[in-house]
>>> print(open('work-v9.txt').read())   # compact mmCIF, C-alpha atoms
# COMPACT_ATOMS: atom_id res chain seq x y z
CA ALA M 1 67.48 109.58 104.78
CA GLU M 2 69.35 111.32 107.54
CA GLY M 3 71.12 110.34 110.73
CA ASP M 4 70.94 106.71 111.70
CA ASP M 5 68.69 105.92 108.73
CA ALA M 6 71.42 106.74 106.18
CA LEU M 7 72.67 103.75 104.24
CA PRO M 8 76.40 103.24 103.76
CA LEU M 9 77.53 103.60 100.15
CA ALA M 10 79.03 100.57 98.47
CA GLY M 11 82.66 100.82 97.50
CA LEU M 12 83.72 101.39 93.92
CA GLY M 13 84.59 98.43 91.73
CA PRO M 14 88.09 97.93 90.29
CA ASP M 15 87.27 99.66 86.99
CA GLU M 16 85.60 102.58 88.77
CA THR M 17 88.60 102.90 91.07
CA ARG M 18 90.89 103.03 88.04
CA ALA M 19 88.73 105.73 86.45
CA LEU M 20 88.69 107.74 89.67
CA LEU M 21 92.47 107.42 90.04
CA ALA M 22 92.96 108.73 86.51
CA GLY M 23 90.48 111.54 87.16
CA ILE M 24 92.17 112.65 90.39
CA LEU M 25 95.52 112.78 88.63
CA GLY M 26 94.06 114.43 85.53
CA GLN M 27 95.21 111.66 83.23
CA PRO M 28 93.33 109.76 80.51
CA ASP M 29 94.17 106.44 82.12
CA ALA M 30 96.01 104.79 85.03
CA PRO M 31 98.04 101.55 85.24
CA GLN M 32 95.68 98.64 85.82
CA ALA M 33 97.98 96.92 88.35
CA LEU M 34 98.27 100.13 90.38
CA ALA M 35 94.51 100.65 90.32
CA GLU M 36 93.92 97.05 91.44
CA GLN M 37 96.41 97.46 94.28
CA LEU M 38 94.75 100.65 95.48
CA HIS M 39 91.29 99.13 95.13
CA GLY M 40 92.33 96.22 97.32
CA LEU M 41 93.81 98.51 99.94
CA THR M 42 90.85 100.87 100.05
CA ALA M 43 87.91 98.51 99.38
CA GLY M 44 86.86 101.01 96.73
CA SER M 45 86.44 103.95 99.13
CA PRO M 46 87.08 107.25 97.27
CA ARG M 47 88.09 108.98 100.52
CA ALA M 48 90.57 106.22 101.37
CA LEU M 49 91.95 106.35 97.83
CA GLU M 50 92.60 110.07 98.13
CA GLY M 51 94.32 109.48 101.47
CA LEU M 52 96.63 106.80 100.02
CA LEU M 53 97.51 109.00 97.07
CA ALA M 54 98.40 111.82 99.46
CA GLN M 55 100.71 109.46 101.37
CA ALA M 56 102.31 108.22 98.14
CA LEU M 57 102.91 111.79 97.00
CA ALA M 58 104.38 112.79 100.35
CA LYS M 59 106.83 109.88 100.17
CA GLN M 60 107.56 110.56 96.48
CA ALA M 61 106.36 107.12 95.41
CA ILE M 62 104.38 109.07 92.79
CA THR M 63 106.15 112.02 91.19
CA ARG M 64 105.43 114.64 88.56
CA ALA M 65 107.88 115.80 85.92
CA ASP M 66 107.51 117.78 82.70
CA GLY M 67 103.82 118.25 83.37
CA ALA M 68 103.04 114.53 83.64
CA TRP M 69 102.67 112.05 86.50
CA ARG M 70 105.14 109.20 86.73
CA LEU M 71 103.09 106.29 87.97
CA PRO M 72 104.64 102.98 89.07
CA ALA M 73 103.00 99.67 88.22
CA ALA M 74 102.48 99.23 91.98
CA LEU M 75 103.36 101.24 95.05
CA PRO M 76 106.02 99.84 97.44
CA PRO M 77 104.98 98.98 101.01
CA ASP M 78 106.95 101.90 102.46
CA ALA M 79 104.70 104.31 100.53
CA PHE M 80 101.99 103.77 103.15
CA THR M 81 101.66 104.57 106.80
CA THR M 82 100.66 102.18 109.54
CA ASP M 83 97.04 103.22 108.89
CA VAL M 84 97.02 101.00 105.83
CA LYS M 85 98.37 98.00 107.73
CA ARG M 86 95.84 98.71 110.44
CA GLY M 87 93.08 98.54 107.83
CA LEU M 88 94.38 95.26 106.43
CA THR M 89 94.68 93.83 109.94
CA ALA M 90 91.06 94.79 110.63
CA ARG M 91 90.02 93.13 107.37
CA LEU M 92 91.81 89.91 108.33
CA ALA M 93 90.32 90.03 111.81
CA GLY M 94 86.89 89.60 110.21
CA LEU M 95 87.82 86.14 108.97
CA PRO M 96 86.83 82.96 110.81
CA GLU M 97 89.78 81.99 113.02
CA ASP M 98 90.51 78.74 111.19
CA ALA M 99 90.56 80.54 107.82
CA HIS M 100 92.77 83.26 109.33
CA ALA M 101 95.19 80.61 110.62
CA LEU M 102 95.39 78.96 107.20
CA ALA M 103 96.06 82.35 105.61
CA ARG M 104 99.00 82.82 108.00
CA ALA M 105 100.42 79.49 106.87
CA ALA M 106 99.95 80.49 103.23
CA ALA M 107 101.98 83.63 103.85
CA LEU M 108 105.15 81.51 104.10
CA LEU M 109 104.61 79.55 100.88
CA ALA M 110 106.13 80.38 97.51
CA GLU M 111 103.49 81.43 94.99
CA PRO M 112 101.62 79.97 93.31
CA PHE M 113 100.85 77.12 95.69
CA GLU M 114 98.45 74.21 95.39
CA LEU M 115 95.84 73.04 97.86
CA PRO M 116 97.67 69.93 99.15
CA HIS M 117 100.73 72.04 100.00
CA LEU M 118 98.56 74.62 101.73
CA ALA M 119 96.72 71.95 103.72
CA ALA M 120 100.01 70.41 104.85
CA ALA M 121 101.53 73.75 105.85
CA GLY M 122 98.39 74.64 107.80
CA ASP M 123 98.16 71.15 109.33
CA VAL M 124 94.50 70.77 108.36
CA PRO M 125 92.67 67.89 106.60
CA GLY M 126 92.24 68.25 102.85
CA ASP M 127 88.45 68.56 102.90
CA LEU M 128 88.61 71.31 105.51
CA ALA M 129 91.38 73.07 103.54
CA ILE M 130 89.06 73.18 100.52
CA ASP M 131 86.36 74.97 102.52
CA LEU M 132 88.81 77.36 104.16
CA ALA M 133 90.52 78.19 100.87
CA GLU M 134 87.12 78.97 99.35
CA THR M 135 86.44 81.28 102.30
CA LEU M 136 89.72 83.09 101.67
CA VAL M 137 88.96 83.45 97.97
CA ARG M 138 85.47 84.82 98.66
CA ALA M 139 86.96 87.28 101.14
CA GLY M 140 89.40 88.54 98.51
CA ILE M 141 92.45 87.30 100.43
CA LEU M 142 93.51 84.70 97.87
CA ASP M 143 93.07 84.41 94.11
CA VAL M 144 92.87 81.01 92.43
CA ALA M 145 93.46 80.01 88.81
CA GLN M 146 93.80 76.47 87.45
CA GLY M 147 93.98 75.05 90.96
CA ARG M 148 96.87 77.28 92.07
CA TYR M 149 96.57 80.01 94.66
CA ARG M 150 98.28 83.32 95.27
CA PHE M 151 97.56 86.34 97.46
CA ALA M 152 95.29 88.98 96.03
CA GLN M 153 97.67 91.60 97.46
CA ASN M 154 101.26 91.20 98.54
CA GLU M 155 100.55 93.54 101.46
CA LEU M 156 98.16 90.95 102.89
CA ARG M 157 100.92 88.35 102.81
CA GLU M 158 103.27 90.73 104.65
CA VAL M 159 100.73 91.51 107.37
CA LEU M 160 99.95 87.82 107.89
CA ALA M 161 103.61 86.84 108.07
CA GLU M 162 104.19 89.52 110.71
CA GLU M 163 101.42 87.96 112.84
CA LEU M 164 103.39 84.73 113.21
CA ASP M 165 105.73 84.29 116.16
CA PRO M 166 109.05 82.51 115.45
CA ALA M 167 107.88 79.16 116.83
CA ALA M 168 104.72 79.16 114.71
CA ALA M 169 106.66 80.15 111.59
CA GLN M 170 109.20 77.39 112.22
CA ALA M 171 106.44 74.80 112.56
CA ILE M 172 104.79 75.90 109.30
CA HIS M 173 108.09 75.81 107.42
CA GLY M 174 108.79 72.32 108.77
CA LEU M 175 105.40 70.98 107.65
CA ALA M 176 105.67 72.65 104.26
CA GLY M 177 109.19 71.32 103.65
CA ALA M 178 108.33 67.79 104.71
CA HIS M 179 105.29 67.74 102.42
CA LEU M 180 107.24 68.99 99.40
CA SER M 181 109.96 66.41 100.03
CA LEU M 182 107.46 63.56 99.99
CA HIS M 183 104.89 64.95 97.53
CA PRO M 184 106.52 67.23 94.95
CA PRO M 185 103.95 68.96 92.72
CA VAL M 186 103.59 67.30 89.33
CA GLY M 187 105.40 69.36 86.72
CA ALA M 188 107.37 71.49 89.17
CA SER M 189 110.85 72.27 87.89
CA GLU M 190 113.72 70.54 89.67
CA ALA M 191 115.37 73.89 90.43
CA TRP M 192 112.19 75.27 92.03
CA LEU M 193 111.63 72.11 94.07
CA ALA M 194 115.19 71.94 95.41
CA ASN M 195 115.12 75.61 96.37
CA ALA M 196 111.67 75.41 98.00
CA VAL M 197 112.49 72.29 100.01
CA ALA M 198 115.79 73.71 101.25
CA ARG M 199 114.22 77.05 102.17
CA HIS M 200 111.43 75.47 104.19
CA LEU M 201 113.52 72.84 105.90
CA LEU M 202 116.35 75.16 106.86
CA ALA M 203 113.79 77.50 108.44
CA GLY M 204 111.69 74.78 109.95
CA GLY M 205 113.70 72.45 112.09
CA PRO M 206 116.94 71.44 113.78
CA PRO M 207 119.82 72.31 111.41
CA LEU M 208 121.16 68.75 111.15
CA ALA M 209 117.79 67.23 110.35
CA ALA M 210 117.06 69.99 107.87
CA ILE M 211 120.37 69.53 106.09
CA GLU M 212 119.90 65.76 105.91
CA ALA M 213 116.41 66.20 104.47
CA ALA M 214 117.61 68.79 101.97
CA LEU M 215 120.43 66.48 100.86
CA ALA M 216 117.95 63.63 100.45
CA ALA M 217 115.79 65.86 98.28
CA ALA M 218 118.84 66.85 96.24
CA ARG M 219 119.82 63.19 95.75
CA ARG M 220 116.30 62.42 94.58
CA LEU M 221 116.41 65.28 92.09
CA GLN M 222 119.79 64.07 90.83
CA THR M 223 118.37 60.58 90.30
CA LEU M 224 115.39 61.97 88.42
CA SER M 225 117.73 63.99 86.24
CA LEU M 226 120.00 61.01 85.50
CA ILE M 227 117.18 58.77 84.36
CA HIS M 228 115.77 61.61 82.22
CA ILE M 229 112.21 61.62 83.38
CA SER M 230 110.54 64.04 81.02
CA GLU M 231 107.74 66.08 82.54
CA PRO M 232 106.34 69.46 81.55
CA THR M 233 107.66 72.20 83.79
CA ARG M 234 105.92 75.30 85.02
CA PRO M 235 107.26 78.38 86.75
CA TYR M 236 106.82 78.32 90.52
>>> encode(input="work-v9.txt", output="structure tokens")
Amino acid sequence: AEGDDALPLAGLGPDETRALLAGILGQPDAPQALAEQLHGLTAGSPRALEGLLAQALAKQAITRADGAWRLPAALPPDAFTTDVKRGLTARLAGLPEDAHALARAAALLAEPFELPHLAAAGDVPGDLAIDLAETLVRAGILDVAQGRYRFAQNELREVLAEELDPAAAQAIHGLAGAHLSLHPPVGASEAWLANAVARHLLAGGPPLAAIEAALAAARRLQTLSLIHISEPTRPY
């Protein structure tokens, strides 16, 4: 078909993007993490992939020496122009507003995070948080494994965090810190919990109140340590 009757081509899948990346560079293979990053940034568009590679080459994020390409596991954010951020912003703009708002709250949480923490940070009821988190997973904004969430791309987190004004960020930090203080995740290491609570509270409220809350959390951790509560730990 021609003209207005032409159908848009679907984007390449992650494996196809990896094969195309290797083909463009004339290599037998390409790092999987790099291919996944570029697939997420380009939605599988071959033209967009070529454009990002040109930017990365211009900024020497990808270099060639002794006849071979030196490919990083992932490209740093400064390897891209504002066109990439503009594309991610447009992608986020297609989300329902309540899902978009929850994604902004998630951008301030340490990964991986669990649904109750996300719901508290976003100030939404748990049942609604479930639906919104599912929306974000389907949209490719978040990944979930064993009930814990993380961003599909770090660049999405950065764009979302930049959308928050200082007052909104402070409010999210305050809610997140208060929730962790009262409802620490089962199995979280004491070191992770103390650090996460202090980070959120110091960013999320009046300094005196934040310090008092952080000290209370520290005293609780000390008590737990002294009575030798044995729980499995996991890296947060």
>>> atom_distance(input="work-v9.txt", atom1="CA of Ala171 (chain M)", atom2="CA of Ala121 (chain M)")
8.4 Å
>>> atom_distance(input="work-v9.txt", atom1="CA of Phe113 (chain M)", atom2="CA of Arg148 (chain M)")
5.4 Å
>>> atom_distance(input="work-v9.txt", atom1="CA of Pro76 (chain M)", atom2="CA of Glu50 (chain M)")
16.9 Å
>>> closest_residue(input="work-v9.txt", among="M:Val137, M:Leu102, M:Ala73, M:Leu128", to="Glu36 (chain M)", atoms="all atoms listed in the file")
M:Ala73
>>> closest_residue(input="work-v9.txt", among="M:Pro14, M:Gly177, M:Pro184, M:Pro116", to="Ala43 (chain M)", atoms="only C-alpha atoms")
M:Pro14
>>> residues_around(input="work-v9.txt", residues="Leu52 (chain M)", least_positions_apart="6", cutoff="12 Å", atoms="all atoms listed in the file", output="number ranges by chain")
M: 21, 34-35, 37-42, 44-46, 58-59, 61-62, 75-85, 87
